[in-house]
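Undergrad: Let me begin by handing over the structure; questions about it come next.
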Amino acid sequence: MSLSRRRLFQRLSPVEASSPAEWIAARGREAGLTEFGEQGMAAGARPIRIASNENPLGPGQHVLDAIVGKFPEAHRYPFNAKQTEGALISAIAQKNAAKNENVLLAPGSGELLLHSVRAFASASKPLVTAWPSYETPRDMAKKMGIPVREAALDGKLRIDIAKMVDASKGAGLVFFCNPNNPTATVHGKSAVVDMVKAIRAASPDTVILIDEAYHDYVTDPSYGSMIDVALSTPNVFVTRTFSKAYGMAGLRAGYAIGHAPTVKSIAAFKMPYGLGTLTLGGAIVGYANDAHIVAERKRNTEVRNFTMKAFADMGITGTDSQTNFLFLDIKRPAAGFRDACRAQGVLVGRDFPPYEKTHVRISLGTMDEMKKAVEVFKKVLGSTTTTSSKDKQQ
Amino acid sequence: MSLSRRSFVQTLGVGAAGMWVGARGREGSLFGSEAVFAQGAPSPIILSSNENPLGCHPEVLAGVRGSFAEGGRYNYAAVDEITALLAKKHGVKPENVLIGSGSTQILRTSTHVFTSKTAGLTATIPAYEECADYARLMGNPITGVKLTADLRMDLDAMQQASKGAGLVFFCNPNNPVGTAVTASDTRTYLETLMKQSPSTTVLVDEAYFEYATMPGYETMIPLAVQNPRVIVARTFSKCLGMAGLRMGFAIAHADTIAKLKAWDGTNNVSIMGLMGVKAALQVPDQWVKDEQARNKAARDFTQKWFADRGYTPTDSQTNFMFINIKRPAREFRDACLKEGVLVARDFPPYEKTHARISVGTMDEMKKAVEVFGKVLAQPAKSAA
């Protein structure tokens, strides 16, 4: 364990924080349990990190080469570099048959989610979110004292579109994460198009945010991006990230794309020059390389199929994952499973209430990592149900 | 003051987002940078953004390269690691430190947390625009305080105008005028304010700390960690030469840091920036001293050139100069741009008479003064 991690534990252990969920909420999107995770592991062991839905391969060599190419400009603000934000904005606009005014960059899509709540929701205009879904909009709304309407998932752990539409009347912002994190399920394009129509009919002033963070990993043929709809529909926009298939979570880049006036409202909150000169250089080259993303989707699909089958062989079923993570019914609390896996050097996802007593989220590593992880899962699931050590502490 | 962010977006449209940042940004020029670089034009001399023209220490780039293996991972553990290292460097505890995406994020977050409709922002006019722009975006009132005749912060006027403020933006050395006030004057101001105005927080921006050579100038970090109502902002974008890596930080009382952190988190910084900072913290003090001396020599050379010709500079404690060129900055800037030299944006209320010029390398400044000479030899088209 590194010095920093020891310090972290000294400063804010899950016991000291009022609850692990609160601790994680304070840390943001995919803090996962990585930091907790290495506690209690054999010294010097290198864990298999499958807790935060990261791309285990990281940025491609083409991206890293581009970043090195930007080293001579590391001292320049991004707007003084040879390639500014404008170069990436134009590339994104071009690929999506959009105009530059439809695109807004941010250091990760997380910042855009925060800005969306800041821009569109208020004490009198609630946030609507599926639950569980990705937590950032809900956490920010609660922090700001904005009411949150949570729509429970359906029986297949998909977002319940009818419930979302029902909850949307008078809402400031509807957050629709497709595929949904943490349940990995997706809705087909026509269902989402119908949802947007229904919300706009029921509540024309409500803004609809469609988070497509996992877009590049979807293989369900009924799925389609909502970018084209967003471009032509008032109050609708899509967020995307370079943190997943592009393998750039550590580089911090994401974007919003949609109806220009809506994007403009978010832009008012944008942090100036949030994307560094090097990150921009990497993202521009990464964005141009579609073949890399196709290959990454294929790789992930193979690993996903292998891991799903390995669980099925153990009698464990999961949702129909369209992402780089699985949401599995392990028939026991996630915390105990997580602790037991951690002791074997495998870090899996955090609790996702109300499913924390039965389900766990497991990100997909490389094939090699998942082969090793599956052996650990077999061992852990073969033993009797365990209670979380953290539960004992509390 | 400059256009607010909101009105600017309305004017240009988000489509020009890159342009917009370049146009209004902390250190942007009024020219979209792409326009300058397009069509294979030779690289201009960039004297518009107060960057370190020589760049960062090579070990910083080695640190960036060393981060590549973690490029696909979220940064939470690294944020904690670097927070602890920054704390150690400054003799404070990790809970006294908040990392930001440049000091920009610190300035915005402080403005968000500490200003309101009833307790606004107080800042000198001019001052670096970030806090005022954000307060305006939030619809919170802004009180501007004029400088003294020799373009220094007027601490008596600040004292009066700070009463009842939510946040005072105390930029020392001041950007864009380059002047600084001493630590003892700053302490007196703070002590009086703390008594006078029990709910006011002061953000001391020390972006140019490493460049200040004036006797009596000191950091307010020791005071900030003791006083929950004082925040110090620092950046790696200036002397450390890392503007493209977007790294800054705040040091303050633990309770104050907790308030800032609750609003915006630390999710906006890259692993490259974090590992760059880790390496930067190992940069020998001598490297910083050398950069300080290099900057001073190039600054002295350029300021003397102006002074010799009757154009008065301020007492700059930074890597930029604020010069009375006796004509509108815009006219001067446009003419310099045609000759391949970029100087900074307008800084009202001095935009009719003064230009801010960053300090490049000595070679660049020798070339730049040739251009300045040519431009200033032309009669001013509009009245100063």
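Just so we're on the same page: first chain in the structure tokens is A, next is B, and so on; residues restart at 1 for each chain, and ligands are numbered from 1 in the order they show up.
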Might you pull out every residue within 10 Å of Phe306 in chain A, with only C-alpha atoms counted and same-chain residues fewer than 5 positions away left off, and present them as number ranges by chain?
TA: A: 300-301, 311-312, 367, 370-371, 374
Undergrad: Please identify all polymer residues within 12 Å of Pro349 in chain B, counting only C-alpha atoms, omitting same-chain residues fewer than 5 positions from it, and present them as a PyMOL selection string.
TA: chain B and resi 1-2+124-127+144-147+151+176-177+328-329+354-355+384
Undergrad: Residues of chain A were defined as contacting chain B if any atom lay at most 6 Å from it, counting only C-alpha atoms; please report them as a ChimeraX atom specification.
TA: /A:4,54-55,58-59,74-80,85-86,100-101,107,247-252,264,268,276-277
Undergrad: Mind writing the picked residues with C-alpha atoms as a PDB file, in the first residue's frame?
TA:
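Result file is out_17.pdb:
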```pdb
ATOM      1  CA  SER A   4      -0.852   8.091   0.126  1.00  0.00           C
ATOM      2  CA  GLU A  54     -12.203   1.505 -16.658  1.00  0.00           C
ATOM      3  CA  ASN A  55     -10.658   0.226 -19.866  1.00  0.00           C
ATOM      4  CA  GLY A  58      -5.683   2.378 -21.116  1.00  0.00           C
ATOM      5  CA  PRO A  59      -5.112   4.852 -23.942  1.00  0.00           C
ATOM      6  CA  ALA A  74       3.096  21.699 -21.977  1.00  0.00           C
ATOM      7  CA  HIS A  75       3.715  25.240 -20.723  1.00  0.00           C
ATOM      8  CA  ARG A  76       1.105  26.769 -23.005  1.00  0.00           C
ATOM      9  CA  TYR A  77      -2.513  27.228 -22.041  1.00  0.00           C
ATOM     10  CA  PRO A  78      -4.723  25.126 -24.309  1.00  0.00           C
ATOM     11  CA  PHE A  79      -5.930  28.222 -26.137  1.00  0.00           C
ATOM     12  CA  ASN A  80      -2.356  29.101 -27.039  1.00  0.00           C
ATOM     13  CA  GLU A  85     -10.376  22.998 -28.018  1.00  0.00           C
ATOM     14  CA  GLY A  86     -11.731  24.141 -31.361  1.00  0.00           C
ATOM     15  CA  ASN A 100     -19.560  23.457 -33.471  1.00  0.00           C
ATOM     16  CA  GLU A 101     -22.263  25.240 -31.482  1.00  0.00           C
ATOM     17  CA  PRO A 107     -12.683  17.353 -18.335  1.00  0.00           C
ATOM     18  CA  GLY A 247      -9.271   4.266 -22.273  1.00  0.00           C
ATOM     19  CA  MET A 248      -8.610   7.819 -21.096  1.00  0.00           C
ATOM     20  CA  ALA A 249     -10.224   8.013 -17.639  1.00  0.00           C
ATOM     21  CA  GLY A 250      -7.026   9.463 -16.224  1.00  0.00           C
ATOM     22  CA  LEU A 251      -6.776  12.102 -18.937  1.00  0.00           C
ATOM     23  CA  ARG A 252     -10.203  13.672 -18.232  1.00  0.00           C
ATOM     24  CA  LYS A 264     -25.350  26.937 -24.527  1.00  0.00           C
ATOM     25  CA  ALA A 268     -22.398  29.129 -19.113  1.00  0.00           C
ATOM     26  CA  GLY A 276      -5.220  20.520 -20.728  1.00  0.00           C
ATOM     27  CA  THR A 277      -3.054  20.937 -23.800  1.00  0.00           C
TER      28      THR A 277
END
```
Undergrad: List every residue of range 81-275 of chain A that DSSP, applied to the backbone, labels as strand (DSSP E), and write the result as a ChimeraX atom specification.
TA: /A:103-106,127-131,148-152,173-177,207-211,236-241,254-258
Undergrad: I'd like the neighbourhood of His62 in chain A as a ChimeraX atom specification, where a residue qualifies if any of its atoms comes within 8 Å (using only C-alpha atoms), though same-chain residues fewer than 4 positions away should be ignored.
TA: /A:66,285-286
Undergrad: From a DSSP calculation on the backbone, collect every residue of range 166-288 of chain A in helix (DSSP H, G or I) and output the set as a ChimeraX atom specification.
TA: /A:166-168,189-202,215-217,227-232,260-267,277-288
Undergrad: As an mmCIF file with C-alpha atoms, in the first residue's frame, please: the residues near Leu326 in chain A (cut-off 9 Å, only C-alpha atoms, same-chain neighbours under 2 positions excluded).
TA:
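part-v6.cif was written with the following content:
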```cif
data_model
loop_
_atom_site.group_PDB
_atom_site.id
_atom_site.type_symbol
_atom_site.label_atom_id
_atom_site.label_comp_id
_atom_site.auth_asym_id
_atom_site.auth_seq_id
_atom_site.Cartn_x
_atom_site.Cartn_y
_atom_site.Cartn_z
ATOM 1 C CA PRO A 182 -24.746 0.082 -12.647
ATOM 2 C CA THR A 183 -27.207 -2.373 -14.150
ATOM 3 C CA ALA A 184 -25.617 -2.505 -17.644
ATOM 4 C CA ARG A 304 -17.933 -10.169 -21.444
ATOM 5 C CA THR A 307 -17.178 -13.964 -17.931
ATOM 6 C CA MET A 308 -20.962 -14.221 -18.253
ATOM 7 C CA GLY A 318 -26.790 -11.295 -14.544
ATOM 8 C CA THR A 319 -28.525 -8.631 -16.538
ATOM 9 C CA ASP A 320 -28.062 -8.390 -20.304
ATOM 10 C CA SER A 321 -24.861 -6.365 -20.137
ATOM 11 C CA GLN A 322 -24.260 -3.888 -22.940
ATOM 12 C CA THR A 323 -21.275 -2.308 -21.220
ATOM 13 C CA ASN A 324 -17.797 -3.087 -19.903
ATOM 14 C CA LEU A 328 -24.846 -10.088 -11.264
ATOM 15 C CA VAL A 360 -22.569 -6.996 -7.390
ATOM 16 C CA ARG A 361 -21.125 -4.911 -10.212
ATOM 17 C CA ILE A 362 -17.991 -6.339 -11.758
ATOM 18 C CA SER A 363 -16.056 -4.433 -14.406
ATOM 19 C CA LEU A 364 -14.388 -6.294 -17.244
#
```
Undergrad: Work out how far CA of His359 in chain A is from CA of Phe327 in chain A, in Å to one decimal.
TA: 6.6 Å
Undergrad: Which residue, A:Ile284, A:Ala373, A:Met140, A:Val346, has the smallest gap to Ser90 in chain A when you use only C-alpha atoms?
TA: A:Ile284
Undergrad: Here is a test: counting only C-alpha atoms, which residue of A:Ser232, A:Thr358, A:Thr84, A:Gln61 is nearest to Ala98 in chain A?
TA: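 The shortest atom-to-atom distance to Ala98 in chain A comes from A:Ser232.
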Undergrad: Quick one: residues within 12 Å of range 185-191 of chain B, only C-alpha atoms counted, chain neighbours fewer than 6 positions away excluded, as a ChimeraX atom specification?
TA: /B:153-163,168,170-173,197-198,200-204,216-224,227,229-231
Undergrad: If we count only C-alpha atoms and set the cut-off at 10 Å, which residues sit around Val192 in chain A, ignoring sequence neighbours fewer than 2 positions away in its own chain? Please answer as a list in words.
TA: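 Once the nearby chain positions are removed, what remains is Ile161, Phe176, Asn178, Val186, His187, Gly188, Lys189, Ser190, Asp194, Met195, Val196, Lys197, Ala198, Ile210, Tyr223, Gly224, Ser225, Met226 and Val229 of chain A.
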Undergrad: Export N, CA and C atoms of the chosen residues as a PDB file, in the first residue's frame?
TA:
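Saved the output as result_28.pdb:
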```
ATOM      1  N   ILE A 161     -39.178   3.147 -18.295  1.00  0.00           N
ATOM      2  CA  ILE A 161     -39.458   4.355 -19.079  1.00  0.00           C
ATOM      3  C   ILE A 161     -40.799   4.979 -18.691  1.00  0.00           C
ATOM      4  N   PHE A 176     -31.151  10.275 -17.988  1.00  0.00           N
ATOM      5  CA  PHE A 176     -31.426   8.955 -18.544  1.00  0.00           C
ATOM      6  C   PHE A 176     -30.098   8.362 -19.006  1.00  0.00           C
ATOM      7  N   ASN A 178     -28.045   5.555 -20.583  1.00  0.00           N
ATOM      8  CA  ASN A 178     -28.327   4.451 -21.506  1.00  0.00           C
ATOM      9  C   ASN A 178     -27.080   4.101 -22.309  1.00  0.00           C
ATOM     10  N   VAL A 186     -29.760  -1.778 -21.479  1.00  0.00           N
ATOM     11  CA  VAL A 186     -29.914  -0.732 -22.480  1.00  0.00           C
ATOM     12  C   VAL A 186     -31.359  -0.714 -22.980  1.00  0.00           C
ATOM     13  N   HIS A 187     -31.782   0.421 -23.471  1.00  0.00           N
ATOM     14  CA  HIS A 187     -33.053   0.494 -24.187  1.00  0.00           C
ATOM     15  C   HIS A 187     -32.768   0.748 -25.654  1.00  0.00           C
ATOM     16  N   GLY A 188     -33.590   0.140 -26.494  1.00  0.00           N
ATOM     17  CA  GLY A 188     -33.452   0.337 -27.929  1.00  0.00           C
ATOM     18  C   GLY A 188     -33.812   1.761 -28.320  1.00  0.00           C
ATOM     19  N   LYS A 189     -33.345   2.123 -29.496  1.00  0.00           N
ATOM     20  CA  LYS A 189     -33.516   3.503 -29.923  1.00  0.00           C
ATOM     21  C   LYS A 189     -34.987   3.929 -29.962  1.00  0.00           C
ATOM     22  N   SER A 190     -35.849   3.062 -30.504  1.00  0.00           N
ATOM     23  CA  SER A 190     -37.239   3.509 -30.670  1.00  0.00           C
ATOM     24  C   SER A 190     -37.887   3.763 -29.319  1.00  0.00           C
ATOM     25  N   ASP A 194     -39.392   7.333 -28.247  1.00  0.00           N
ATOM     26  CA  ASP A 194     -40.764   7.471 -27.741  1.00  0.00           C
ATOM     27  C   ASP A 194     -40.778   8.148 -26.369  1.00  0.00           C
ATOM     28  N   MET A 195     -39.801   7.780 -25.538  1.00  0.00           N
ATOM     29  CA  MET A 195     -39.734   8.396 -24.210  1.00  0.00           C
ATOM     30  C   MET A 195     -39.547   9.914 -24.333  1.00  0.00           C
ATOM     31  N   VAL A 196     -38.634  10.305 -25.199  1.00  0.00           N
ATOM     32  CA  VAL A 196     -38.378  11.740 -25.371  1.00  0.00           C
ATOM     33  C   VAL A 196     -39.652  12.451 -25.830  1.00  0.00           C
ATOM     34  N   LYS A 197     -40.350  11.824 -26.782  1.00  0.00           N
ATOM     35  CA  LYS A 197     -41.607  12.423 -27.254  1.00  0.00           C
ATOM     36  C   LYS A 197     -42.610  12.551 -26.113  1.00  0.00           C
ATOM     37  N   ALA A 198     -42.712  11.484 -25.328  1.00  0.00           N
ATOM     38  CA  ALA A 198     -43.706  11.471 -24.246  1.00  0.00           C
ATOM     39  C   ALA A 198     -43.361  12.523 -23.186  1.00  0.00           C
ATOM     40  N   ILE A 210     -29.289  12.524 -21.876  1.00  0.00           N
ATOM     41  CA  ILE A 210     -29.071  11.106 -22.161  1.00  0.00           C
ATOM     42  C   ILE A 210     -27.569  10.839 -22.070  1.00  0.00           C
ATOM     43  N   TYR A 223     -30.225  -0.921 -30.194  1.00  0.00           N
ATOM     44  CA  TYR A 223     -29.725   0.322 -29.604  1.00  0.00           C
ATOM     45  C   TYR A 223     -29.249   1.284 -30.686  1.00  0.00           C
ATOM     46  N   GLY A 224     -29.416   2.564 -30.415  1.00  0.00           N
ATOM     47  CA  GLY A 224     -28.827   3.584 -31.278  1.00  0.00           C
ATOM     48  C   GLY A 224     -28.599   4.846 -30.473  1.00  0.00           C
ATOM     49  N   SER A 225     -27.560   5.582 -30.813  1.00  0.00           N
ATOM     50  CA  SER A 225     -27.296   6.841 -30.118  1.00  0.00           C
ATOM     51  C   SER A 225     -28.438   7.830 -30.352  1.00  0.00           C
ATOM     52  N   MET A 226     -28.655   8.680 -29.384  1.00  0.00           N
ATOM     53  CA  MET A 226     -29.695   9.711 -29.505  1.00  0.00           C
ATOM     54  C   MET A 226     -29.124  11.049 -29.984  1.00  0.00           C
ATOM     55  N   VAL A 229     -31.212  12.765 -32.670  1.00  0.00           N
ATOM     56  CA  VAL A 229     -32.456  13.327 -32.130  1.00  0.00           C
ATOM     57  C   VAL A 229     -32.148  14.586 -31.320  1.00  0.00           C
TER      58      VAL A 229
END
```
Undergrad: Find the distance between CA of Trp305 in chain B and CA of Ala212 in chain B and write it in Å to one decimal.
TA: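 Value for the CA of Trp305 in chain B-CA of Ala212 in chain B distance: 21.0 Å.
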Undergrad: At a cut-off of 7 Å, using only C-alpha atoms, what residues contact Thr179 in chain B? Leave out same-chain residues fewer than 4 positions from it and give the result as a ChimeraX atom specification.
TA: /B:152,173-174,314-317
Undergrad: Let's have the selection written as a PDB file, in the first residue's frame, with N, CA and C atoms.
TA:
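Final file, again.pdb:
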```pdb
ATOM      1  N   ARG B 152      -1.242  50.533  -7.667  1.00  0.00           N
ATOM      2  CA  ARG B 152      -1.116  49.553  -6.592  1.00  0.00           C
ATOM      3  C   ARG B 152      -2.485  49.351  -5.968  1.00  0.00           C
ATOM      4  N   PRO B 173       0.892  39.098  -6.181  1.00  0.00           N
ATOM      5  CA  PRO B 173       0.858  40.281  -7.027  1.00  0.00           C
ATOM      6  C   PRO B 173      -0.405  40.328  -7.878  1.00  0.00           C
ATOM      7  N   ASN B 174      -0.780  41.562  -8.211  1.00  0.00           N
ATOM      8  CA  ASN B 174      -2.012  41.760  -8.958  1.00  0.00           C
ATOM      9  C   ASN B 174      -1.805  41.508 -10.446  1.00  0.00           C
ATOM     10  N   THR B 314       4.711  49.768 -14.565  1.00  0.00           N
ATOM     11  CA  THR B 314       4.478  49.675 -13.123  1.00  0.00           C
ATOM     12  C   THR B 314       5.637  48.926 -12.477  1.00  0.00           C
ATOM     13  N   ASP B 315       5.587  48.806 -11.155  1.00  0.00           N
ATOM     14  CA  ASP B 315       6.617  48.073 -10.422  1.00  0.00           C
ATOM     15  C   ASP B 315       6.250  46.577 -10.450  1.00  0.00           C
ATOM     16  N   SER B 316       6.538  45.939 -11.571  1.00  0.00           N
ATOM     17  CA  SER B 316       6.075  44.558 -11.768  1.00  0.00           C
ATOM     18  C   SER B 316       6.816  43.564 -10.874  1.00  0.00           C
ATOM     19  N   GLN B 317       6.048  42.702 -10.228  1.00  0.00           N
ATOM     20  CA  GLN B 317       6.590  41.626  -9.405  1.00  0.00           C
ATOM     21  C   GLN B 317       6.210  40.274 -10.022  1.00  0.00           C
TER      22      GLN B 317
END
```
